[in-house]
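Heads up, coords.txt below (compact mmCIF, C-alpha atoms and all ligand atoms):
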```
# COMPACT_ATOMS: atom_id res chain seq x y z
CA MET A 1 24.40 9.20 -31.36
CA ALA A 2 21.59 10.49 -33.57
CA GLY A 3 19.99 7.02 -33.56
CA GLU A 4 20.24 6.84 -29.79
CA GLY A 5 18.55 10.22 -29.46
CA ARG A 6 15.70 9.09 -31.71
CA ILE A 7 15.02 5.95 -29.67
CA MET A 8 14.94 7.96 -26.47
CA SER A 9 12.52 10.45 -27.90
CA GLU A 10 10.15 7.72 -29.08
CA ILE A 11 9.90 6.45 -25.53
CA LEU A 12 9.51 9.95 -24.22
CA LYS A 13 6.64 10.44 -26.65
CA LEU A 14 4.94 7.44 -25.12
CA VAL A 15 5.55 8.89 -21.67
CA LYS A 16 3.90 12.14 -22.76
CA LYS A 17 0.97 10.18 -24.18
CA HIS A 18 0.63 8.32 -20.89
CA GLU A 19 0.71 11.55 -18.90
CA LYS A 20 -1.92 13.17 -21.11
CA TYR A 21 -4.11 10.05 -20.90
CA ARG A 22 -3.86 9.85 -17.12
CA SER A 23 -4.40 13.59 -16.66
CA GLU A 24 -7.69 13.19 -18.54
CA SER A 25 -8.83 10.23 -16.43
CA LEU A 26 -10.34 10.01 -12.98
CA ASN A 27 -8.22 7.52 -11.04
CA LEU A 28 -10.08 5.29 -8.58
CA GLN A 29 -7.48 2.55 -8.42
CA ALA A 30 -7.05 1.29 -4.86
CA SER A 31 -3.29 0.61 -5.19
CA GLU A 32 -2.36 4.01 -6.54
CA ASN A 33 -1.96 7.61 -5.51
CA ILE A 34 -0.60 10.79 -6.99
CA MET A 35 2.67 12.46 -6.00
CA SER A 36 3.18 16.15 -5.34
CA MET A 37 5.38 18.22 -7.64
CA ASP A 38 7.89 18.53 -4.77
CA ALA A 39 8.18 14.75 -4.46
CA ARG A 40 8.47 14.41 -8.24
CA GLU A 41 11.25 16.97 -8.31
CA ALA A 42 13.19 14.95 -5.75
CA LEU A 43 12.52 11.71 -7.63
CA SER A 44 13.85 12.96 -10.95
CA SER A 45 16.77 14.88 -9.41
CA ASP A 46 20.47 14.17 -9.87
CA LEU A 47 20.19 11.70 -6.98
CA ALA A 48 18.49 9.27 -9.39
CA SER A 49 21.84 8.17 -10.80
CA ARG A 50 23.96 8.26 -7.64
CA TYR A 51 25.25 5.67 -5.25
CA SER A 52 25.72 5.72 -1.51
CA LEU A 53 26.70 2.84 0.74
CA VAL A 54 27.40 2.93 4.44
CA LEU A 55 27.70 -0.49 6.01
CA ASP A 56 29.83 0.43 9.01
CA PRO A 57 29.35 4.08 10.07
CA SER A 58 32.85 4.17 11.61
CA LYS A 59 34.31 3.54 8.15
CA GLY A 60 32.22 6.11 6.29
CA ASP A 61 30.66 5.87 2.85
CA ALA A 62 32.11 3.52 0.22
CA TYR A 63 31.32 6.16 -2.40
CA GLY A 64 32.34 9.76 -2.77
CA GLY A 65 30.07 12.75 -3.28
CA THR A 66 27.61 11.43 -0.75
CA GLN A 67 27.50 14.22 1.80
CA TYR A 68 23.88 15.17 1.12
CA THR A 69 22.77 11.68 0.12
CA GLU A 70 23.56 10.42 3.60
CA GLU A 71 21.92 13.39 5.24
CA ILE A 72 18.74 12.83 3.18
CA LEU A 73 18.67 9.15 4.15
CA HIS A 74 19.07 9.85 7.86
CA GLU A 75 16.54 12.69 7.90
CA THR A 76 14.06 10.50 6.05
CA GLU A 77 14.53 7.70 8.59
CA LYS A 78 13.90 10.19 11.39
CA LEU A 79 10.78 11.56 9.72
CA ALA A 80 9.40 8.04 9.26
CA ALA A 81 10.02 7.00 12.87
CA ALA A 82 8.48 10.22 14.17
CA LEU A 83 5.40 9.95 11.93
CA TYR A 84 4.63 6.35 12.91
CA GLY A 85 5.77 6.74 16.49
CA SER A 86 8.29 3.90 16.19
CA LYS A 87 11.78 3.65 17.61
CA TYR A 88 13.28 2.43 14.34
CA ALA A 89 12.53 2.98 10.67
CA GLU A 90 14.06 1.30 7.64
CA VAL A 91 13.22 3.25 4.48
CA ARG A 92 15.41 1.51 1.90
CA PRO A 93 13.25 -1.44 0.74
CA LEU A 94 12.51 -1.00 -2.96
CA GLY A 95 8.88 -2.02 -2.53
CA GLY A 96 6.34 -3.58 -0.20
CA HIS A 97 7.20 -7.01 -1.53
CA ILE A 98 10.92 -6.52 -0.88
CA ALA A 99 10.07 -5.30 2.63
CA ALA A 100 8.07 -8.53 3.11
CA GLU A 101 11.09 -10.58 1.98
CA MET A 102 13.30 -8.78 4.50
CA VAL A 103 10.82 -9.39 7.29
CA ILE A 104 10.36 -13.07 6.50
CA LEU A 105 14.10 -13.69 6.14
CA SER A 106 14.76 -11.88 9.41
CA LEU A 107 12.15 -13.62 11.54
CA MET A 108 12.15 -17.19 10.25
CA SER A 109 14.53 -20.09 9.70
CA LYS A 110 14.24 -22.64 6.93
CA ARG A 111 11.48 -25.24 7.16
CA GLU A 112 9.53 -23.22 9.70
CA ASN A 113 5.88 -22.31 9.22
CA MET A 114 4.23 -18.94 8.72
CA MET A 115 0.59 -17.91 8.56
CA SER A 116 -1.14 -15.24 6.52
CA ILE A 117 -4.57 -14.43 5.16
CA ALA A 118 -5.49 -16.57 2.14
CA GLU A 119 -5.70 -15.03 -1.30
CA LYS A 120 -9.38 -16.01 -1.56
CA ASP A 121 -10.00 -13.88 1.54
CA GLY A 122 -8.15 -10.87 0.15
CA GLY A 123 -4.64 -11.81 1.34
CA TYR A 124 -1.51 -10.91 -0.62
CA THR A 125 -0.58 -13.39 -3.35
CA GLY A 126 3.12 -13.19 -2.48
CA TYR A 127 2.54 -15.07 0.82
CA GLN A 128 0.81 -18.01 -0.85
CA ASN A 129 2.87 -21.18 -0.97
CA GLY A 130 3.98 -20.94 -4.60
CA TYR A 131 5.69 -17.59 -4.05
CA LEU A 132 7.81 -16.30 -1.12
CA PRO A 133 7.41 -19.45 1.04
CA GLN A 134 8.56 -21.70 -1.82
CA MET A 135 11.50 -19.40 -2.62
CA PHE A 136 12.74 -19.47 0.97
CA GLY A 137 11.77 -22.99 2.04
CA PHE A 138 8.88 -22.15 4.38
CA GLN A 139 5.34 -23.38 4.52
CA ASN A 140 2.44 -20.94 4.68
CA TYR A 141 -0.86 -21.78 6.40
CA GLU A 142 -3.99 -19.70 6.15
CA VAL A 143 -5.28 -17.47 8.90
CA PRO A 144 -8.97 -18.49 9.17
CA TYR A 145 -11.05 -15.56 7.99
CA ASP A 146 -14.78 -14.90 7.82
CA GLN A 147 -15.61 -13.10 4.58
CA ALA A 148 -19.09 -12.00 5.60
CA SER A 149 -17.87 -10.06 8.63
CA GLN A 150 -14.36 -9.41 7.22
CA GLU A 151 -12.88 -10.65 10.48
CA ILE A 152 -10.33 -13.26 11.56
CA ASN A 153 -11.95 -16.29 13.18
CA LEU A 154 -10.06 -16.40 16.48
CA GLN A 155 -11.29 -19.82 17.60
CA LYS A 156 -10.25 -21.46 14.36
CA LEU A 157 -6.98 -19.54 14.43
CA GLU A 158 -6.14 -20.91 17.86
CA ARG A 159 -6.59 -24.46 16.54
CA ALA A 160 -4.61 -23.72 13.39
CA MET A 161 -1.74 -22.21 15.40
CA LYS A 162 -1.66 -25.22 17.67
CA ALA A 163 -1.44 -27.50 14.63
CA SER A 164 1.20 -25.59 12.66
CA SER A 165 3.20 -23.69 15.34
CA PRO A 166 4.00 -20.78 13.05
CA SER A 167 7.10 -18.71 13.85
CA LEU A 168 5.49 -15.75 12.09
CA VAL A 169 1.93 -14.55 11.56
CA VAL A 170 1.58 -11.83 8.91
CA LEU A 171 -1.58 -9.74 9.02
CA GLY A 172 -2.68 -7.39 6.26
CA GLN A 173 -4.56 -7.78 3.00
CA SER A 174 -4.66 -6.48 -0.54
CA PHE A 175 -8.46 -6.47 -0.41
CA PHE A 176 -8.56 -4.65 2.89
CA LEU A 177 -11.68 -3.10 4.39
CA LYS A 178 -11.62 -3.59 8.14
CA HIS A 179 -9.19 -3.24 11.05
CA TYR A 180 -8.20 -6.24 13.17
CA ASP A 181 -8.80 -6.75 16.85
CA LEU A 182 -5.08 -6.99 17.61
CA LYS A 183 -5.04 -7.65 21.35
CA PRO A 184 -6.24 -11.28 21.22
CA LEU A 185 -4.00 -11.90 18.20
CA ARG A 186 -0.99 -10.64 20.18
CA GLU A 187 -1.93 -12.86 23.11
CA MET A 188 -2.22 -15.86 20.85
CA CYS A 189 1.13 -15.15 19.22
CA ASP A 190 2.71 -14.84 22.67
CA ALA A 191 1.16 -18.14 23.73
CA TYR A 192 2.51 -19.92 20.64
CA ASN A 193 5.82 -18.08 20.57
CA SER A 194 5.20 -16.48 17.22
CA TYR A 195 6.12 -13.08 15.82
CA LEU A 196 3.23 -10.89 14.74
CA ALA A 197 3.86 -8.70 11.69
CA TYR A 198 1.50 -6.30 9.96
CA ASP A 199 1.71 -5.82 6.20
CA GLY A 200 0.15 -2.37 5.87
CA SER A 201 0.99 -1.97 2.16
CA HIS A 202 -2.48 -0.76 1.29
CA VAL A 203 -3.09 1.29 4.41
CA MET A 204 0.25 2.92 5.30
CA GLY A 205 -1.16 6.40 4.56
CA LEU A 206 -4.23 5.77 6.70
CA ILE A 207 -2.15 4.48 9.60
CA ALA A 208 0.16 7.49 9.28
CA GLY A 209 -2.87 9.78 9.41
CA GLN A 210 -4.30 7.81 12.34
CA ALA A 211 -7.57 7.06 10.56
CA PHE A 212 -7.11 3.28 10.63
CA GLN A 213 -5.56 0.65 12.96
CA LYS A 214 -3.97 3.19 15.26
CA ASP A 215 -2.80 0.47 17.65
CA VAL A 216 -0.67 -1.46 15.17
CA LEU A 217 2.72 -0.88 16.80
CA GLU A 218 1.27 -1.35 20.25
CA TYR A 219 0.57 -5.01 19.46
CA CYS A 220 2.61 -6.03 16.42
CA ASP A 221 6.35 -6.65 16.36
CA LEU A 222 6.61 -4.68 13.19
CA LEU A 223 4.70 -2.74 10.57
CA PHE A 224 5.84 -2.74 6.97
CA GLY A 225 4.50 -2.09 3.49
CA SER A 226 4.39 -0.02 0.33
CA THR A 227 4.83 3.75 0.31
CA HIS A 228 2.60 4.50 -2.68
CA LYS A 229 -0.88 3.05 -2.20
CA SER A 230 -2.71 5.11 0.40
CA PHE A 231 0.64 6.74 1.26
CA PHE A 232 1.80 9.69 -0.87
CA GLY A 233 4.50 7.83 -2.80
CA PRO A 234 6.97 7.36 -4.40
CA GLN A 235 6.84 3.62 -5.12
CA GLY A 236 8.88 1.88 -2.46
CA GLY A 237 8.74 0.06 0.86
CA ILE A 238 9.22 0.81 4.54
CA ILE A 239 9.66 -1.16 7.78
CA LEU A 240 8.93 0.18 11.29
CA THR A 241 9.54 -1.46 14.63
CA ASN A 242 10.20 -0.74 18.30
CA ASN A 243 12.28 -3.89 18.71
CA GLU A 244 16.03 -3.35 18.49
CA ASP A 245 16.84 -7.02 17.95
CA ILE A 246 14.39 -7.27 15.03
CA PHE A 247 15.71 -4.03 13.57
CA THR A 248 19.30 -5.29 13.69
CA ARG A 249 18.32 -8.49 11.92
CA ILE A 250 16.35 -6.60 9.26
CA ARG A 251 19.36 -4.39 8.54
CA LYS A 252 21.51 -7.50 8.01
CA ASN A 253 19.12 -8.72 5.34
CA ILE A 254 19.27 -5.59 3.21
CA THR A 255 22.53 -4.88 1.37
CA TRP A 256 23.65 -7.76 -0.90
CA ARG A 257 20.81 -9.99 0.32
CA THR A 258 17.52 -8.56 -0.80
CA MET A 259 18.91 -5.54 -2.68
CA ASP A 260 21.99 -3.39 -3.24
CA ASN A 261 21.47 0.21 -4.43
CA TYR A 262 18.59 1.80 -2.53
CA HIS A 263 17.73 4.43 -5.17
CA PRO A 264 18.63 7.67 -3.33
CA SER A 265 16.23 9.82 -5.36
CA ARG A 266 13.39 7.59 -4.22
CA ILE A 267 14.44 8.11 -0.61
CA ALA A 268 14.48 11.87 -1.15
CA ALA A 269 10.97 11.76 -2.65
CA LEU A 270 9.82 9.61 0.27
CA GLY A 271 11.31 12.18 2.64
CA VAL A 272 9.24 14.90 0.95
CA ALA A 273 6.12 12.71 1.15
CA LEU A 274 6.80 12.04 4.84
CA GLU A 275 7.00 15.77 5.48
CA GLU A 276 3.66 16.21 3.70
CA MET A 277 2.12 13.34 5.62
CA THR A 278 3.43 14.71 8.91
CA LYS A 279 1.79 18.04 8.19
CA TYR A 280 -1.43 17.00 6.45
CA GLY A 281 -1.81 13.27 7.08
CA ARG A 282 -4.64 13.50 9.58
CA ASP A 283 -6.86 15.61 7.32
CA TYR A 284 -6.04 13.50 4.29
CA ALA A 285 -6.59 10.10 5.91
CA ALA A 286 -9.85 11.16 7.55
CA SER A 287 -11.12 12.37 4.21
CA VAL A 288 -10.11 9.12 2.46
CA VAL A 289 -12.07 6.96 4.89
CA ARG A 290 -15.06 9.32 4.87
CA ASN A 291 -15.06 9.30 1.06
CA SER A 292 -14.96 5.48 0.90
CA ARG A 293 -17.90 5.14 3.24
CA HIS A 294 -19.87 7.75 1.33
CA LEU A 295 -19.00 6.29 -2.06
CA GLY A 296 -20.16 2.84 -0.91
CA LYS A 297 -23.46 4.28 0.27
CA GLU A 298 -23.96 6.43 -2.82
CA LEU A 299 -23.18 3.57 -5.22
CA HIS A 300 -25.63 1.39 -3.33
CA GLU A 301 -28.30 4.09 -3.58
CA ASN A 302 -27.57 4.46 -7.29
CA GLY A 303 -28.23 0.74 -7.75
CA VAL A 304 -24.62 -0.44 -8.17
CA GLY A 305 -23.77 -3.64 -6.27
CA VAL A 306 -21.37 -2.88 -3.43
CA LYS A 307 -20.48 -5.22 -0.58
CA TYR A 308 -20.74 -4.77 3.17
CA SER A 309 -23.70 -2.46 3.48
CA PRO A 310 -24.22 -0.54 5.70
CA TRP A 311 -20.62 -0.03 6.86
CA TYR A 312 -18.94 -0.56 3.42
CA SER A 313 -15.40 0.27 4.44
CA GLU A 314 -13.01 1.53 7.09
CA THR A 315 -10.21 2.10 4.56
CA HIS A 316 -9.50 3.62 1.16
CA GLN A 317 -11.22 0.75 -0.66
CA ILE A 318 -14.71 -0.44 -1.31
CA ALA A 319 -15.53 -3.90 -2.67
CA LEU A 320 -17.85 -4.33 -5.63
CA ASP A 321 -20.31 -7.22 -5.59
CA GLY A 322 -19.37 -9.86 -8.18
CA ASP A 323 -22.88 -11.35 -8.23
CA TYR A 324 -24.37 -8.00 -9.14
CA PHE A 325 -22.10 -7.69 -12.18
CA GLN A 326 -22.62 -11.32 -13.24
CA GLY A 327 -26.36 -10.79 -13.03
CA ARG A 328 -25.99 -8.03 -15.63
CA GLY A 329 -23.75 -10.03 -17.95
CA MET A 330 -20.61 -8.21 -16.82
CA SER A 331 -17.42 -9.20 -15.03
CA PHE A 332 -15.14 -6.97 -12.95
CA GLU A 333 -12.95 -6.82 -16.02
CA SER A 334 -15.63 -5.82 -18.52
CA ALA A 335 -17.06 -3.29 -16.05
CA SER A 336 -13.57 -1.81 -15.61
CA ARG A 337 -13.20 -1.49 -19.39
CA ILE A 338 -16.57 0.23 -19.74
CA LEU A 339 -15.55 2.72 -17.06
CA GLU A 340 -12.15 3.25 -18.65
CA ASP A 341 -13.80 4.02 -22.00
CA ASN A 342 -15.56 6.78 -20.07
CA GLY A 343 -12.41 8.12 -18.43
CA ILE A 344 -12.75 6.40 -15.05
CA ILE A 345 -9.94 4.03 -14.06
CA VAL A 346 -10.52 1.17 -11.59
CA ASP A 347 -8.74 -2.18 -11.32
CA ARG A 348 -10.15 -5.37 -12.83
CA GLU A 349 -10.58 -7.16 -9.53
CA GLY A 350 -13.60 -5.42 -8.05
CA ARG A 351 -11.97 -2.76 -5.92
CA ILE A 352 -12.57 0.98 -6.01
CA GLY A 353 -10.13 3.26 -4.18
CA THR A 354 -10.52 6.79 -2.85
CA SER A 355 -6.89 7.72 -2.00
CA GLU A 356 -6.16 9.72 -5.11
CA ILE A 357 -9.45 11.61 -5.40
CA SER A 358 -9.11 12.49 -1.72
CA ARG A 359 -5.60 13.76 -2.31
CA MET A 360 -7.12 15.85 -5.11
CA GLY A 361 -9.44 17.42 -2.57
CA PHE A 362 -12.63 15.85 -3.92
CA SER A 363 -15.50 14.88 -1.65
CA ASP A 364 -18.70 14.81 -3.73
CA MET A 365 -19.08 11.03 -3.79
CA GLY A 366 -22.70 11.30 -4.95
CA ARG A 367 -21.46 12.75 -8.22
CA ILE A 368 -18.91 9.97 -8.77
CA ALA A 369 -21.46 7.29 -7.91
CA GLU A 370 -23.93 8.73 -10.44
CA LEU A 371 -21.25 8.79 -13.12
CA ILE A 372 -20.26 5.17 -12.44
CA SER A 373 -23.87 4.06 -12.40
CA SER A 374 -24.64 5.89 -15.68
CA ALA A 375 -21.57 4.48 -17.44
CA LEU A 376 -22.38 0.94 -16.33
CA SER A 377 -25.87 1.28 -17.75
CA GLY A 378 -24.46 2.26 -21.12
CA LYS A 379 -24.46 6.04 -21.05
CA ASN A 380 -21.53 8.03 -22.42
CA ILE A 381 -20.30 10.22 -19.55
CA ARG A 382 -16.90 11.25 -20.93
CA GLN A 383 -17.76 14.95 -20.94
CA GLU A 384 -19.06 14.90 -17.35
CA VAL A 385 -15.89 13.12 -16.24
CA SER A 386 -13.66 15.64 -17.94
CA ASP A 387 -15.65 18.51 -16.40
CA LEU A 388 -15.13 16.95 -12.99
CA ILE A 389 -11.39 16.45 -13.57
CA LYS A 390 -11.02 20.18 -14.32
CA GLU A 391 -12.06 20.88 -10.73
CA LEU A 392 -9.27 18.74 -9.25
CA ARG A 393 -5.89 19.86 -8.04
CA ILE A 394 -3.39 18.28 -5.72
CA HIS A 395 -3.81 19.05 -2.01
CA TYR A 396 -1.80 18.32 1.15
CA THR A 397 1.52 19.60 -0.14
CA GLY A 398 3.71 22.67 0.32
CA ALA A 399 4.27 24.95 3.26
C1 LIG B 1 0.76 -4.35 -2.96
C2 LIG B 1 1.06 -5.27 -1.85
C3 LIG B 1 2.37 -5.75 -1.62
C4 LIG B 1 3.47 -5.50 -2.61
O1 LIG B 1 3.89 -4.20 -2.59
P1 LIG B 1 4.83 -3.56 -3.73
O2 LIG B 1 5.09 -2.22 -3.17
O3 LIG B 1 4.03 -3.57 -4.99
O4 LIG B 1 6.05 -4.40 -3.83
C5 LIG B 1 2.61 -6.49 -0.49
N1 LIG B 1 1.63 -6.78 0.39
C6 LIG B 1 0.36 -6.36 0.20
C7 LIG B 1 -0.69 -6.70 1.21
C8 LIG B 1 0.03 -5.61 -0.93
O5 LIG B 1 -1.24 -5.23 -1.14
```

So that I can check it, write out the structure of this file as structure tokens.
Amino acid sequence: MAGEGRIMSEILKLVKKHEKYRSESLNLQASENIMSMDAREALSSDLASRYSLVLDPSKGDAYGGTQYTEEILHETEKLAAALYGSKYAEVRPLGGHIAAEMVILSLMSKRENMMSIAEKDGGYTGYQNGYLPQMFGFQNYEVPYDQASQEINLQKLERAMKASSPSLVVLGQSFFLKHYDLKPLREMCDAYNSYLAYDGSHVMGLIAGQAFQKDVLEYCDLLFGSTHKSFFGPQGGIILTNNEDIFTRIRKNITWRTMDNYHPSRIAALGVALEEMTKYGRDYAASVVRNSRHLGKELHENGVGVKYSPWYSETHQIALDGDYFQGRGMSFESASRILEDNGIIVDREGRIGTSEISRMGFSDMGRIAELISSALSGKNIRQEVSDLIKELRIHYTGA
């Protein structure tokens, strides 16, 4: 027992080190966000080691002690449907990727074709042929995309749909800067008898706050994605639809197909986050998008290469310009390491995200741009970063 205790405490020491490290860093990672203390309390509650399983409501729960677990699940479903304005909400997927699996399994049969945005154009790697399509016996074709304008090429898409007759088109990107013009895409999918799904993993918080792609459920058969990128967390997935038939099929592909235990504490934390988003989502999402646009402009004015001037972004991300970094003997990776040495965390793929700083109530993008620019030109800005971090505290939570 003593040995067991020691091992645990070593790991806990590492956790403490991580928490100290992250609390002293400015997080500009596009895929991440910070959770409120209320959501954390739910996530680490007793629910974290409990089970609950209701397959047939007339038969009740297969486990005991589930009175509140079930109530939390159903209230969370209701909160999700109300927030997104959908008839149905499925909150159990363990992540955005698992939600994608459920959607693909529910809408396609073996040997059919799907279409999604190519990885080179910012699409999600999981939809490329070596991943989900290969696992399930589908073929993926790329949705033609124009990088310069960050828009789908509708004429080319029409030809590609004619050639491959996809049963499913999945929109959404991991490098995601601009909304889609959904009406013609819906019309095309109707003409070719294809489902239209929207993977909003990166932008679920912005859609919830109505700052981005407000019309998604008007035109798409379903919206799904991660609950922790621009959304308030915890890590997980969600599926929303107005279509009863689709919803029924999705539900069939959950228990014992794509997952079993749904992690009740995660659902409770999501419920808390949904309450926060319902109350504060509009302010938060508007500030995220405003901050991205400003940060793009300020970085540009501070001489850092950013793409898509003068609009920069409609989301929580801005895209750095690879040529700019190459021209200075840097890569996205080396630039990211230089910033991290100075207490600023970004990914190593050329994205900068504003979700977390916006949740921390920060809006002086000129100051962040100056710090990034200084660090990239070799200055040590650790002290300035830690001064800035002292001003931050979590917003958009509580009564
Ligand atoms: C991140 C991402 C996913 C995967 O989400 P997880 O929550 O990490 O499983 C799926 N699709 C897109 C577009 C993503 O960016």

Practice problem: Show which residues sit within 8 Å of range 175-180 of chain A, as a count of residues only. Count all atoms listed in the file, and ignore same-chain residues fewer than 6 positions away. | Solution: 18

Discussion item. Quick check, in Å to one decimal: how far apart do CA of Ile117 in chain A and CA of Val143 in chain A lie?
Written reply: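 Here the two named atoms are 4.9 Å from each other.
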
*Can I get the residues close to ligand LIG 1 (chain B) as JSON, numbers by chain, where close means within 8 Å and we count all atoms listed in the file?*
{"A": [31, 94, 95, 96, 97, 98, 99, 100, 123, 124, 125, 126, 172, 173, 174, 175, 199, 200, 201, 202, 225, 226, 227, 228, 229, 235, 236, 237]}

Proximity of range 264-340 of chain A to range 36-43 of chain A: per-residue shortest pair, 10 Å limit, all atoms listed in the file, as JSON lines:
```
{"residue": "A:Pro264", "atom": "CA", "partner": "A:Leu43", "partner_atom": "CA", "distance": 8.5}
{"residue": "A:Ser265", "atom": "CA", "partner": "A:Leu43", "partner_atom": "CA", "distance": 4.7}
{"residue": "A:Arg266", "atom": "CA", "partner": "A:Leu43", "partner_atom": "CA", "distance": 5.4}
{"residue": "A:Ile267", "atom": "CA", "partner": "A:Leu43", "partner_atom": "CA", "distance": 8.1}
{"residue": "A:Ala268", "atom": "CA", "partner": "A:Ala42", "partner_atom": "CA", "distance": 5.7}
{"residue": "A:Ala269", "atom": "CA", "partner": "A:Ala39", "partner_atom": "CA", "distance": 4.5}
{"residue": "A:Leu270", "atom": "CA", "partner": "A:Ala39", "partner_atom": "CA", "distance": 7.2}
{"residue": "A:Gly271", "atom": "CA", "partner": "A:Ala39", "partner_atom": "CA", "distance": 8.2}
{"residue": "A:Val272", "atom": "CA", "partner": "A:Ala39", "partner_atom": "CA", "distance": 5.5}
{"residue": "A:Ala273", "atom": "CA", "partner": "A:Ala39", "partner_atom": "CA", "distance": 6.3}
{"residue": "A:Leu274", "atom": "CA", "partner": "A:Ala39", "partner_atom": "CA", "distance": 9.8}
{"residue": "A:Glu276", "atom": "CA", "partner": "A:Ser36", "partner_atom": "CA", "distance": 9.1}
```

- Rank nothing, just name the residue among A:Arg111, A:Lys307, A:Arg92, A:Arg382 nearest to Leu339 in chain A, using all atoms listed in the file.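 The shortest atom-to-atom distance to Leu339 in chain A comes from A:Arg382.
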
Q.
Would you pick out the contacts of Gly327 in chain A at 12 Å or less, using only C-alpha atoms, so that residues sharing its chain but fewer than 5 positions from it are not included, and give the list as a PyMOL selection string?
A. chain A and resi 304-305+321-322+332

Using all atoms listed in the file, the best pick from A:Gln134, A:Asp61, A:Ile389, A:Thr69 as closest to Gly343 in chain A would be A:Ile389

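Proximity of A:His263, A:His300, A:Arg257, A:Lys78 to Thr278 in chain A, computed with all atoms listed in the file, is greatest for A:Lys78.
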
Atomic separation - CA of Val289 in chain A relative to CA of Leu217 in chain A, Å |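 Computed distance, CA of Leu217 in chain A to CA of Val289 in chain A, equals 20.5 Å.
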
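Atom pair CA of Tyr21 in chain A / CA of Tyr396 in chain A has a distance of 23.7 Å (rounded to one decimal).
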
>> With only C-alpha atoms as the counted atoms, please give the residues lying no more than 8 Å from Met365 in chain A, apart from itself and same-chain residues fewer than 3 positions off, as a count of residues only.
In response: 6

Problem set entry | Residues near Asp181 in chain A, cut-off 12 Å, only C-alpha atoms, skip fewer than 5 positions along chain, as a ChimeraX atom specification | /A:150-154,171,186-188,212-216,218-220

Problem - Local residues around (-0.4, -11.3, 13.2), at most 9 Å away, using all atoms listed in the file, as a list of chain:residue names - result: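 Every polymer residue passing the test: A:Met115, A:Ser116, A:Val143, A:Leu168, A:Val169, A:Val170, A:Leu171, A:Gly172, A:Leu182, A:Leu185, A:Arg186, A:Cys189, A:Ser194, A:Tyr195, A:Leu196, A:Ala197, A:Tyr198, A:Tyr219, A:Cys220, A:Asp221.
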
A:Gly281, A:Gly303, A:Gly85, A:Pro144: which is nearest Glu119 in chain A, counting only C-alpha atoms?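 Using only C-alpha atoms, the shortest distance to Glu119 in chain A belongs to A:Pro144.
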
Min atom-atom distance to Arg337 in chain A from the set A:Lys110, A:Leu376, A:His74, A:Ile352, counting all atoms listed in the file, belongs to A:Leu376

Need to verify the contact set: Ile345 in chain A, 8 Å, only C-alpha atoms, exclusion of same-chain residues closer than 2 positions in sequence. Can you return it as a PDB file with C-alpha atoms, keeping the file's coordinate frame?
```
ATOM      1  CA  SER A  25      -8.830  10.230 -16.430  1.00  0.00           C
ATOM      2  CA  LEU A  26     -10.340  10.010 -12.980  1.00  0.00           C
ATOM      3  CA  ASN A  27      -8.220   7.520 -11.040  1.00  0.00           C
ATOM      4  CA  LEU A  28     -10.080   5.290  -8.580  1.00  0.00           C
ATOM      5  CA  GLN A  29      -7.480   2.550  -8.420  1.00  0.00           C
ATOM      6  CA  SER A 336     -13.570  -1.810 -15.610  1.00  0.00           C
ATOM      7  CA  LEU A 339     -15.550   2.720 -17.060  1.00  0.00           C
ATOM      8  CA  GLU A 340     -12.150   3.250 -18.650  1.00  0.00           C
ATOM      9  CA  GLY A 343     -12.410   8.120 -18.430  1.00  0.00           C
ATOM     10  CA  ASP A 347      -8.740  -2.180 -11.320  1.00  0.00           C
TER      11      ASP A 347
END
```
